[in-house]
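Here is work06.tsv, consisting of TSV, C-alpha atoms:
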```tsv
chain	number	residue	atom	x	y	z
A	1	MET	CA	60.83	148.62	30.42
A	2	THR	CA	63.60	149.11	32.86
A	3	ASP	CA	63.84	147.44	36.22
A	4	ALA	CA	63.89	149.99	39.00
A	5	ILE	CA	66.89	148.34	40.65
A	6	PHE	CA	69.27	149.49	37.92
A	7	PRO	CA	70.75	152.98	38.26
A	8	GLN	CA	70.43	155.40	35.37
A	9	VAL	CA	72.52	158.35	34.30
A	10	ARG	CA	72.00	161.09	31.75
A	11	ILE	CA	74.82	162.85	29.94
A	12	VAL	CA	73.82	166.37	28.90
A	13	SER	CA	76.08	168.79	27.03
A	14	THR	CA	75.41	172.50	26.61
A	15	ARG	CA	75.77	172.16	22.84
A	16	LEU	CA	74.34	169.67	20.36
A	17	LEU	CA	77.11	167.27	19.39
A	18	ARG	CA	78.80	166.48	16.09
A	19	PRO	CA	78.82	162.81	15.07
A	20	ASP	CA	82.58	162.46	15.59
A	21	THR	CA	82.30	163.77	19.16
A	22	VAL	CA	79.47	161.28	19.79
A	23	GLU	CA	81.58	158.48	18.31
A	24	ASN	CA	84.52	159.39	20.53
A	25	LEU	CA	82.34	159.63	23.64
A	26	LEU	CA	80.43	156.40	23.03
A	27	ASN	CA	83.60	154.42	22.39
A	28	ARG	CA	84.99	155.60	25.72
A	29	LEU	CA	81.72	154.68	27.44
A	30	VAL	CA	81.73	151.24	25.87
A	31	GLN	CA	85.26	150.71	27.20
A	32	VAL	CA	84.06	151.65	30.71
A	33	GLY	CA	81.47	148.88	30.46
A	34	GLY	CA	78.58	148.17	32.80
A	35	ILE	CA	76.00	149.65	30.42
A	36	ARG	CA	72.79	147.67	29.98
A	37	ARG	CA	70.94	150.01	27.68
A	38	MET	CA	71.65	153.33	26.04
A	39	SER	CA	69.51	155.84	24.20
A	40	LEU	CA	70.68	158.79	22.10
A	41	ASN	CA	68.30	161.74	22.20
A	42	GLY	CA	68.14	164.98	20.30
A	43	PRO	CA	66.27	166.78	17.55
A	44	GLY	CA	65.61	164.54	14.56
A	45	ILE	CA	67.31	164.91	11.20
A	46	PRO	CA	64.86	163.57	8.60
A	47	ALA	CA	65.95	161.68	5.49
A	48	THR	CA	63.51	163.68	3.37
A	49	VAL	CA	62.13	167.19	3.73
A	50	PRO	CA	59.06	166.68	5.97
A	51	TYR	CA	56.96	169.75	5.18
A	52	GLY	CA	56.67	172.74	2.90
A	53	PRO	CA	56.82	173.08	-0.86
A	54	ALA	CA	59.94	170.85	-1.03
A	55	ARG	CA	58.23	168.03	0.90
A	56	GLY	CA	59.50	164.58	-0.01
A	57	GLN	CA	62.76	165.74	-1.57
A	58	PRO	CA	65.95	164.13	-0.22
A	59	ASN	CA	67.58	165.98	2.67
A	60	PRO	CA	71.36	165.51	2.46
A	61	HIS	CA	72.74	166.31	5.92
A	62	PRO	CA	76.33	165.51	6.91
A	63	ASP	CA	75.32	164.83	10.53
A	64	ARG	CA	72.92	162.06	9.57
A	65	ARG	CA	75.50	159.34	9.14
A	66	ALA	CA	76.70	156.06	10.61
A	67	ILE	CA	79.23	156.07	13.42
A	68	ARG	CA	81.31	153.12	14.61
A	69	VAL	CA	80.72	152.23	18.25
A	70	GLY	CA	82.58	149.19	19.58
A	71	ASP	CA	82.12	146.57	16.91
A	72	GLN	CA	78.89	147.95	15.45
A	73	ASP	CA	77.81	150.66	13.04
A	74	VAL	CA	75.15	152.94	14.52
A	75	GLN	CA	73.08	155.03	12.11
A	76	LEU	CA	72.48	158.44	13.67
A	77	GLN	CA	69.02	159.86	13.00
A	78	VAL	CA	69.23	162.74	15.45
A	79	GLN	CA	71.66	165.47	16.35
A	80	VAL	CA	72.70	164.06	19.71
A	81	GLY	CA	72.14	166.33	22.70
A	82	THR	CA	71.46	163.86	25.52
A	83	ILE	CA	72.61	160.31	26.18
A	84	ILE	CA	70.64	158.17	28.64
A	85	LEU	CA	72.32	155.11	30.13
A	86	GLU	CA	71.03	152.26	32.24
A	87	LEU	CA	73.87	150.76	34.26
A	88	GLU	CA	74.42	147.48	36.03
A	89	ASP	CA	75.37	149.22	39.26
A	90	GLU	CA	76.53	152.57	40.59
A	91	SER	CA	80.22	151.67	40.68
A	92	TYR	CA	80.55	152.59	36.97
A	93	ILE	CA	79.45	156.20	37.44
A	94	PRO	CA	82.86	157.70	38.42
A	95	ALA	CA	84.50	156.07	35.38
A	96	ILE	CA	81.72	157.46	33.14
A	97	GLU	CA	82.29	160.95	34.57
A	98	GLU	CA	86.01	160.63	33.85
A	99	ALA	CA	85.33	159.53	30.28
A	100	VAL	CA	82.97	162.48	29.74
A	101	ASP	CA	85.48	164.94	31.20
A	102	ALA	CA	88.22	163.56	28.94
A	103	VAL	CA	86.11	164.01	25.81
A	104	PHE	CA	84.89	167.53	26.65
A	105	ALA	CA	88.18	168.93	27.99
A	106	GLY	CA	89.19	171.78	25.69
A	107	LYS	CA	85.92	171.84	23.77
A	108	GLY	CA	84.89	175.23	25.12
A	109	PHE	CA	81.57	174.07	26.53
A	110	SER	CA	80.56	171.86	29.42
A	111	CYS	CA	78.84	168.54	29.79
A	112	ILE	CA	77.31	167.11	32.95
A	113	VAL	CA	76.47	163.62	34.14
A	114	GLN	CA	73.25	163.41	36.16
A	115	GLN	CA	71.90	160.45	38.07
A	116	GLY	CA	68.16	159.92	38.22
A	117	ARG	CA	65.32	158.05	36.57
A	118	TYR	CA	65.05	158.73	32.85
A	119	MET	CA	63.47	155.57	31.43
A	120	LYS	CA	59.91	154.40	31.91
A	121	THR	CA	59.35	151.59	34.41
A	122	GLN	CA	55.90	150.58	33.20
A	123	PRO	CA	53.86	151.18	30.05
A	124	SER	CA	51.42	154.08	30.13
A	125	ILE	CA	47.85	154.06	28.87
A	126	SER	CA	49.07	156.01	25.83
A	127	ASP	CA	51.68	153.34	25.12
A	128	TYR	CA	48.93	150.71	25.27
A	129	ALA	CA	46.66	152.72	22.98
A	130	ARG	CA	49.44	153.45	20.51
A	131	TYR	CA	51.39	150.22	20.40
A	132	GLY	CA	48.97	147.60	21.73
A	133	PRO	CA	49.43	144.90	24.37
A	134	ASP	CA	52.29	143.08	22.62
A	135	ALA	CA	54.71	145.98	22.17
A	136	ASP	CA	58.38	145.27	22.73
A	137	ARG	CA	58.89	146.24	26.37
A	138	ASP	CA	62.64	146.68	25.83
A	139	LEU	CA	61.92	149.67	23.61
A	140	LEU	CA	58.87	151.24	25.26
A	141	GLY	CA	59.69	154.64	26.67
A	142	LEU	CA	62.97	154.85	24.74
A	143	ALA	CA	61.97	154.69	21.09
A	144	ASP	CA	59.01	153.82	18.91
A	145	PRO	CA	58.63	150.00	19.18
A	146	ARG	CA	57.04	149.88	15.71
A	147	ARG	CA	60.24	150.98	14.03
A	148	LYS	CA	61.64	148.27	11.82
A	149	ASP	CA	65.34	149.03	12.29
A	150	GLY	CA	65.25	147.98	15.95
A	151	LEU	CA	68.09	147.97	18.43
A	152	VAL	CA	71.83	147.96	17.93
A	153	ILE	CA	73.50	145.44	20.20
A	154	ILE	CA	77.08	146.26	21.13
A	155	GLN	CA	78.86	143.27	22.60
A	156	GLY	CA	80.61	143.87	25.89
A	157	THR	CA	83.66	142.16	27.26
A	158	LYS	CA	81.76	139.77	29.54
B	159	MET	CA	54.25	207.87	3.74
B	160	LYS	CA	53.78	211.33	5.21
B	161	VAL	CA	53.61	211.72	8.96
B	162	ASN	CA	51.69	214.63	10.39
B	163	LYS	CA	54.40	216.82	11.90
B	164	THR	CA	51.94	218.79	13.99
B	165	MET	CA	51.03	215.68	15.94
B	166	ALA	CA	51.47	216.32	19.67
B	167	TYR	CA	52.17	212.67	20.35
B	168	LYS	CA	55.74	211.47	19.97
B	169	PRO	CA	56.07	207.72	19.65
B	170	GLN	CA	58.09	206.09	22.41
B	171	TYR	CA	58.33	202.67	20.70
B	172	GLY	CA	58.67	200.78	23.97
B	173	PRO	CA	59.34	201.01	27.68
B	174	GLY	CA	62.41	199.95	29.61
B	175	THR	CA	65.73	201.23	30.85
B	176	SER	CA	67.85	198.16	30.00
B	177	LYS	CA	70.15	197.71	27.03
B	178	VAL	CA	67.70	195.21	25.54
B	179	ALA	CA	64.89	197.79	25.70
B	180	GLU	CA	67.15	200.37	24.10
B	181	ASN	CA	68.02	197.97	21.27
B	182	ARG	CA	64.34	197.25	20.71
B	183	ARG	CA	63.55	200.96	20.45
B	184	LYS	CA	66.44	201.52	18.07
B	185	GLN	CA	65.25	198.79	15.71
B	186	MET	CA	61.66	200.03	15.74
B	187	ASP	CA	62.40	203.73	15.32
B	188	PRO	CA	62.47	204.44	11.55
B	189	SER	CA	64.42	207.65	12.13
B	190	GLN	CA	67.40	205.59	13.31
B	191	LYS	CA	69.49	203.96	10.62
B	192	LEU	CA	70.19	200.28	11.13
B	193	GLU	CA	73.86	199.38	11.13
B	194	LYS	CA	74.96	197.69	7.90
B	195	MET	CA	76.87	194.51	8.72
B	196	ARG	CA	77.41	192.66	5.45
B	197	ASP	CA	76.98	192.79	1.70
B	198	VAL	CA	74.76	190.51	-0.29
B	199	THR	CA	73.78	191.07	-3.90
B	200	ASP	CA	70.23	191.23	-5.25
B	201	GLU	CA	70.85	187.90	-6.94
B	202	ASP	CA	71.87	186.34	-3.61
B	203	VAL	CA	68.60	187.45	-2.05
B	204	VAL	CA	66.59	186.04	-4.97
B	205	LEU	CA	68.43	182.72	-4.62
B	206	ILE	CA	67.78	182.44	-0.86
B	207	LEU	CA	64.11	183.36	-1.27
B	208	GLY	CA	63.64	180.79	-4.03
B	209	HIS	CA	60.47	182.34	-5.46
B	210	ARG	CA	61.79	182.99	-8.96
B	211	ALA	CA	64.94	182.30	-10.97
B	212	PRO	CA	67.47	185.16	-10.85
B	213	GLY	CA	66.95	187.43	-13.84
B	214	ALA	CA	63.49	186.08	-14.60
B	215	ALA	CA	60.61	188.54	-15.00
B	216	TYR	CA	58.31	189.05	-12.04
B	217	PRO	CA	55.18	186.93	-12.52
B	218	THR	CA	52.05	189.00	-12.01
B	219	ALA	CA	48.81	188.45	-10.14
B	220	HIS	CA	46.94	191.23	-11.96
B	221	PRO	CA	47.65	193.82	-14.69
B	222	PRO	CA	49.64	196.92	-13.64
B	223	LEU	CA	47.47	199.49	-11.89
B	224	ALA	CA	48.09	202.02	-14.67
B	225	GLU	CA	46.50	199.66	-17.19
B	226	GLN	CA	43.38	198.80	-15.26
B	227	GLN	CA	40.36	200.79	-14.22
B	228	GLU	CA	40.46	201.70	-10.55
B	229	PRO	CA	37.16	202.05	-8.74
B	230	ASP	CA	36.35	205.48	-7.37
B	231	CYS	CA	37.66	204.98	-3.85
B	232	PRO	CA	38.82	207.74	-1.47
B	233	ILE	CA	41.34	205.44	0.24
B	234	ARG	CA	43.04	204.60	-3.06
B	235	LYS	CA	43.46	208.33	-3.62
B	236	ILE	CA	45.18	208.77	-0.27
B	237	VAL	CA	47.49	205.74	-0.31
B	238	THR	CA	50.28	205.63	-2.88
B	239	PRO	CA	50.78	202.04	-4.08
B	240	THR	CA	54.17	200.42	-3.54
B	241	GLU	CA	56.29	199.54	-6.57
B	242	GLY	CA	55.20	195.90	-6.37
B	243	ALA	CA	51.54	196.77	-6.12
B	244	LYS	CA	51.84	199.20	-9.05
B	245	ALA	CA	53.30	196.44	-11.23
B	246	GLY	CA	50.78	193.82	-10.06
B	247	ASP	CA	53.37	191.42	-8.56
B	248	ARG	CA	52.46	188.22	-6.77
B	249	VAL	CA	52.50	188.20	-2.97
B	250	ARG	CA	55.50	186.21	-1.70
B	251	TYR	CA	57.19	185.72	1.68
B	252	ILE	CA	60.36	185.52	3.72
B	253	GLN	CA	60.42	183.76	7.07
B	254	PHE	CA	62.96	184.00	9.87
B	255	THR	CA	63.80	181.88	12.89
B	256	ASP	CA	65.75	183.56	15.68
B	257	SER	CA	67.65	181.58	18.28
B	258	MET	CA	66.86	182.32	21.91
B	259	PHE	CA	70.62	182.50	22.49
B	260	PHE	CA	70.94	186.25	22.02
B	261	ALA	CA	69.80	186.56	18.41
B	262	PRO	CA	69.69	190.24	17.40
B	263	CYS	CA	65.95	190.12	16.71
B	264	HIS	CA	62.95	187.94	17.55
B	265	PRO	CA	59.48	187.37	16.09
B	266	TYR	CA	57.46	190.11	17.84
B	267	GLN	CA	60.30	192.56	17.51
B	268	ARG	CA	60.57	191.79	13.79
B	269	THR	CA	56.89	192.47	13.28
B	270	TYR	CA	56.99	195.76	15.17
B	271	THR	CA	60.16	196.81	13.35
B	272	GLU	CA	58.79	195.93	9.93
B	273	CYS	CA	55.49	197.69	10.59
B	274	TYR	CA	57.31	200.87	11.49
B	275	ARG	CA	59.84	200.70	8.67
B	276	PHE	CA	58.18	199.07	5.66
B	277	ARG	CA	54.99	199.62	3.67
B	278	GLY	CA	52.51	197.18	2.17
B	279	ILE	CA	53.45	194.21	4.34
B	280	ASP	CA	51.54	191.46	6.09
B	281	PRO	CA	53.63	190.03	8.93
B	282	GLY	CA	52.73	186.86	10.78
B	283	THR	CA	54.16	186.34	14.23
B	284	LEU	CA	54.58	182.96	15.87
B	285	SER	CA	56.54	181.77	18.87
B	286	GLY	CA	59.50	180.43	16.93
B	287	ARG	CA	59.25	182.05	13.54
B	288	GLN	CA	58.13	185.21	11.86
B	289	ILE	CA	56.91	185.47	8.30
B	290	VAL	CA	56.37	188.61	6.30
B	291	GLU	CA	54.38	188.65	3.09
B	292	CYS	CA	54.29	191.39	0.48
B	293	ARG	CA	54.55	192.06	-3.24
B	294	GLU	CA	57.55	190.28	-4.73
B	295	ARG	CA	59.74	193.23	-5.72
B	296	ASP	CA	59.04	194.98	-2.42
B	297	LEU	CA	59.88	191.74	-0.65
B	298	GLU	CA	63.28	191.54	-2.31
B	299	LYS	CA	64.05	195.10	-1.29
B	300	TYR	CA	62.93	194.55	2.30
B	301	SER	CA	64.64	191.15	2.53
B	302	LYS	CA	67.91	192.69	1.49
B	303	GLU	CA	67.59	195.18	4.31
B	304	LEU	CA	66.65	192.47	6.80
B	305	ILE	CA	69.65	190.36	5.77
B	306	THR	CA	72.35	193.00	5.45
B	307	THR	CA	71.65	194.99	8.62
B	308	GLU	CA	72.10	194.27	12.30
B	309	LEU	CA	68.74	192.47	12.39
B	310	LEU	CA	70.46	189.26	11.32
B	311	ASP	CA	73.29	187.19	12.67
B	312	PRO	CA	74.43	184.48	10.23
B	313	ALA	CA	74.67	181.82	12.98
B	314	ARG	CA	71.77	182.66	15.29
B	315	THR	CA	69.21	183.70	12.67
B	316	GLY	CA	67.86	181.34	10.06
B	317	ILE	CA	66.00	182.17	6.85
B	318	ARG	CA	63.60	179.26	6.83
B	319	GLY	CA	60.44	179.04	4.78
B	320	ALA	CA	59.52	175.62	6.18
B	321	THR	CA	60.80	173.24	8.89
B	322	VAL	CA	61.84	176.06	11.18
B	323	HIS	CA	62.50	173.94	14.30
B	324	GLY	CA	65.56	175.13	16.21
B	325	HIS	CA	65.01	178.48	17.89
B	326	SER	CA	64.74	177.06	21.41
B	327	LEU	CA	67.33	174.30	21.06
B	328	ARG	CA	70.91	174.24	22.20
B	329	LEU	CA	73.33	175.52	19.58
B	330	ALA	CA	75.53	173.12	17.64
B	331	GLU	CA	79.17	172.68	18.61
B	332	ASN	CA	80.28	175.30	16.09
B	333	GLY	CA	77.74	177.85	17.37
B	334	MET	CA	75.18	177.46	14.58
B	335	MET	CA	71.48	177.17	15.40
B	336	PHE	CA	70.09	173.68	14.75
B	337	ASP	CA	68.47	173.27	11.36
B	338	MET	CA	67.22	169.85	10.35
B	339	LEU	CA	67.60	170.78	6.69
B	340	GLN	CA	70.97	172.47	7.19
B	341	ARG	CA	70.29	175.30	4.79
B	342	SER	CA	73.34	177.23	5.95
B	343	VAL	CA	76.75	175.85	6.83
B	344	LEU	CA	79.69	177.38	8.63
B	345	SER	CA	82.63	176.89	6.28
B	346	GLU	CA	86.22	176.40	7.39
B	347	ASP	CA	87.04	180.02	6.53
B	348	GLY	CA	84.49	181.11	9.16
B	349	VAL	CA	81.90	182.36	6.67
B	350	VAL	CA	78.29	181.13	6.76
B	351	ARG	CA	76.97	180.06	3.38
B	352	TYR	CA	73.45	179.16	2.33
B	353	ILE	CA	73.56	175.95	0.31
B	354	LYS	CA	69.78	175.56	0.13
B	355	ASN	CA	67.02	178.11	-0.40
B	356	GLN	CA	64.59	178.91	2.38
B	357	ILE	CA	62.37	175.90	1.72
B	358	GLY	CA	65.28	173.43	1.56
B	359	GLU	CA	65.94	173.02	-2.17
B	360	PRO	CA	69.68	172.85	-2.99
B	361	LEU	CA	71.09	175.98	-4.64
B	362	ASP	CA	73.25	175.94	-7.76
B	363	ARG	CA	75.85	178.02	-5.97
B	364	ALA	CA	76.45	178.73	-2.29
B	365	VAL	CA	75.44	182.18	-1.07
B	366	ALA	CA	77.82	183.71	1.48
B	367	ILE	CA	76.21	185.91	4.13
B	368	GLY	CA	79.25	186.70	6.23
B	369	LYS	CA	80.86	185.63	9.47
B	370	PRO	CA	78.89	184.98	12.66
B	371	MET	CA	79.11	187.82	15.16
B	372	ASP	CA	80.99	187.22	18.39
B	373	GLU	CA	79.32	186.66	21.74
B	374	LYS	CA	80.05	190.18	23.00
B	375	TRP	CA	78.45	191.86	19.97
B	376	LEU	CA	75.41	189.61	20.25
B	377	LYS	CA	74.90	190.40	23.93
B	378	ASP	CA	75.23	194.11	23.18
B	379	HIS	CA	72.77	194.04	20.29
B	380	THR	CA	70.25	191.42	21.34
B	381	THR	CA	66.59	192.27	21.80
B	382	ILE	CA	65.95	189.17	23.90
B	383	PHE	CA	65.88	189.22	27.68
B	384	HIS	CA	67.75	186.22	29.07
B	385	SER	CA	68.33	185.66	32.76
B	386	LEU	CA	71.23	183.28	32.10
B	387	GLY	CA	74.15	185.24	30.76
B	388	GLY	CA	72.19	188.22	29.46
B	389	SER	CA	70.09	190.96	31.00
B	390	ALA	CA	67.16	189.56	32.97
B	391	TYR	CA	63.64	190.78	32.28
B	392	ARG	CA	62.95	191.18	36.01
B	393	ASP	CA	65.84	193.62	36.33
B	394	ASP	CA	64.05	196.12	34.08
B	395	ALA	CA	61.53	197.62	36.53
B	396	GLU	CA	60.07	200.04	33.99
B	397	TYR	CA	59.33	197.24	31.54
B	398	ILE	CA	57.64	195.16	34.25
B	399	GLU	CA	55.55	198.13	35.36
B	400	TYR	CA	54.39	198.77	31.79
B	401	VAL	CA	53.52	195.15	31.09
B	402	GLN	CA	51.68	194.83	34.39
B	403	ARG	CA	49.70	197.97	33.61
B	404	ILE	CA	48.68	196.69	30.18
B	405	HIS	CA	47.82	193.33	31.72
B	406	THR	CA	45.66	194.91	34.40
B	407	LEU	CA	43.87	197.18	31.96
B	408	ARG	CA	43.10	194.48	29.44
B	409	THR	CA	41.95	192.11	32.17
B	410	LYS	CA	39.55	194.73	33.46
B	411	TYR	CA	38.46	195.70	29.96
B	412	GLY	CA	34.73	195.30	29.61
B	413	PHE	CA	34.19	196.33	33.23
B	414	LEU	CA	34.69	200.02	32.41
B	415	PRO	CA	38.34	200.19	33.50
B	416	LYS	CA	39.38	203.29	35.40
B	417	GLU	CA	42.93	203.95	36.47
B	418	ASP	CA	43.43	204.74	40.13
```
Since I need it in another form, could you write the structure as structure tokens?
Amino acid sequence: MTDAIFPQVRIVSTRLLRPDTVENLLNRLVQVGGIRRMSLNGPGIPATVPYGPARGQPNPHPDRRAIRVGDQDVQLQVQVGTIILELEDESYIPAIEEAVDAVFAGKGFSCIVQQGRYMKTQPSISDYARYGPDADRDLLGLADPRRKDGLVIIQGTK
Amino acid sequence: MKVNKTMAYKPQYGPGTSKVAENRRKQMDPSQKLEKMRDVTDEDVVLILGHRAPGAAYPTAHPPLAEQQEPDCPIRKIVTPTEGAKAGDRVRYIQFTDSMFFAPCHPYQRTYTECYRFRGIDPGTLSGRQIVECRERDLEKYSKELITTELLDPARTGIRGATVHGHSLRLAENGMMFDMLQRSVLSEDGVVRYIKNQIGEPLDRAVAIGKPMDEKWLKDHTTIFHSLGGSAYRDDAEYIEYVQRIHTLRTKYGFLPKED
């Protein structure tokens, strides 16, 4: 769960992004710093065909791959369309906007940075029913806390 | 099928004064020829459909009609069977997903168009996909028409038998509609190629279905109203009037509706 004192921003592009664009953007964001938590959202790319006559067969997809962000490999499982950030304070927002503009200049489509509240601040009844009382509160509202692969921690410069 | 020429009623196909309405009427009207946009071979169609191996015989669901006793039925005397029905083919399908970003066709439109243009079909219309079922050899003939004409854009239309998700999502950076199974890819030469069949099984060879159409062509040929960047539904007063009339009449239905 997030603490309501931390500002949040959402980066939304008008197109779904390729992994190399995401890699470029995230590395610039990591250099800006001040990011407490980050979530990559978008339509999922399954490892196997989920339904139909070919169900269970492997689903080779070039966009489902690992990207290098900071000093960590991040395995993409979605085609990224939205990036949600929780920041330490609002002073980082102009630098984030600059980084986004630099990445999307000349791409032929736009990308906006919005400020608002995009992460849950307390668990819902459905979260309790689904994940129980001991669910990892760092993940609730961002991803499924039962997933085994967990978080990727990218070390900052602090 | 013969149409009674003495019929006083002339089909209008749909209301509306906008370009979108005009495109819809053009697609539905069987007397208008659909523009041919690309070439695909019969073998290409068979590969994309994935129902049988190219060159294989058509499996049958029943013996050919000529070899079996038909019951004495007046309807069977009126209706000529299609080639597939005559041969006793299995019933198979093709399913399309059309992006909301100015795809040339969309599920309801596909169903109307197919019902006016093709025989012996069973279309199924859903919000994000449209499936049409018919006898296998008829299906291949109809599919070829659906793929080669202006009803399909290689980037904004997907031939997807399963896992159709993508019609209402943002497009990918290269302009392709999202497909979690990535059945079709935009190659570096600008041509879209199917590398998997419609249910997501890899193909032995890629099937090229041509280059994506440009934004101007799509906006000129789309049958989808879109208030952002296209023609807005509310701007077509005739369409609104017609839909409101139908809505009013069907709401009042059962209470002896009478028009004022």
What are the residues of chain B that have an atom within 7 Å of an atom of chain A, counting all atoms listed in the file, as a PyMOL selection string? chain B and resi 320-321+328-331+338-340+357-359
Which one is closest to B:Thr271: B:Ala395, B:Val401, B:Lys410, B:Leu309? Count all atoms listed in the file. B:Leu309
Polymer residues at most 8 Å from A:Pro7, all atoms listed in the file, same-chain spacing of 3 or more positions, as a PyMOL selection string: chain A and resi 4+86-90+115-117
Write a file of the selected residues as a tab-separated table (two decimals), in the coordinates of the input, keeping C-alpha atoms.
```tsv
chain	number	residue	atom	x	y	z
A	4	ALA	CA	63.89	149.99	39.00
A	86	GLU	CA	71.03	152.26	32.24
A	87	LEU	CA	73.87	150.76	34.26
A	88	GLU	CA	74.42	147.48	36.03
A	89	ASP	CA	75.37	149.22	39.26
A	90	GLU	CA	76.53	152.57	40.59
A	115	GLN	CA	71.90	160.45	38.07
A	116	GLY	CA	68.16	159.92	38.22
A	117	ARG	CA	65.32	158.05	36.57
```
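Between B:Ala366 and the residues B:Tyr352, B:Tyr274, B:Phe259, B:Tyr400, the shortest atom-to-atom distance, using only C-alpha atoms, involves B:Tyr352.
Note that the spacing between atom CA of B:Gln253 and atom CA of B:Thr199 amounts to 18.8 Å.
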How big is the axis-aligned box around all listed atoms of stretch 245-254 of chain B once 4 Å goes on each side, and where's its centre, in Å to one decimal, as lines of an AutoDock Vina configuration file?
```
center_x = 56.9
center_y = 190.1
center_z = -0.7
size_x = 20.2
size_y = 20.7
size_z = 29.1
```
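Only residues having an atom at most 10 Å from (76.8, 155.0, 14.7) are included; using all atoms listed in the file, these are Pro19, Asp20, Val22, Glu23, Leu26, Arg64, Arg65, Ala66, Ile67, Arg68, Val69, Gly70, Gln72, Asp73, Val74, Gln75, Leu76, Gln77 and Val152 of chain A.
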If you count all atoms listed in the file, which residues fall within 10 Å of A:Ala135, apart from same-chain ones fewer than 3 positions away, as an MDAnalysis selection string? chainID A and resid 123 127:128 130:132 138:140 144:146
Residue neighbourhood B:Phe383, 12 Å, only C-alpha atoms, exclusion window fewer than 5 positions, as a compact mmCIF listing (two decimals) with C-alpha atoms, keeping the file's coordinate frame:
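Heads up, here's the output in out.txt:
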```txt
# COMPACT_ATOMS: atom_id res chain seq x y z
CA GLY B 174 62.41 199.95 29.61
CA SER B 176 67.85 198.16 30.00
CA LYS B 177 70.15 197.71 27.03
CA VAL B 178 67.70 195.21 25.54
CA ALA B 179 64.89 197.79 25.70
CA GLU B 180 67.15 200.37 24.10
CA ASN B 181 68.02 197.97 21.27
CA ARG B 182 64.34 197.25 20.71
CA MET B 258 66.86 182.32 21.91
CA PHE B 259 70.62 182.50 22.49
CA PHE B 260 70.94 186.25 22.02
CA ALA B 261 69.80 186.56 18.41
CA PRO B 262 69.69 190.24 17.40
CA CYS B 263 65.95 190.12 16.71
CA HIS B 264 62.95 187.94 17.55
CA LYS B 377 74.90 190.40 23.93
CA ASP B 378 75.23 194.11 23.18
CA GLY B 388 72.19 188.22 29.46
CA SER B 389 70.09 190.96 31.00
CA ALA B 390 67.16 189.56 32.97
CA TYR B 391 63.64 190.78 32.28
CA ARG B 392 62.95 191.18 36.01
CA ASP B 393 65.84 193.62 36.33
CA ASP B 394 64.05 196.12 34.08
CA TYR B 397 59.33 197.24 31.54
```
Quick check, in Å to one decimal: how far apart do atom CA of B:Met334 and atom CA of A:Phe104 lie? 18.4 Å
Could you work out how far atom CA of B:Ala215 lies from atom CA of B:Ile305, giving the answer in Å with one decimal? 22.7 Å
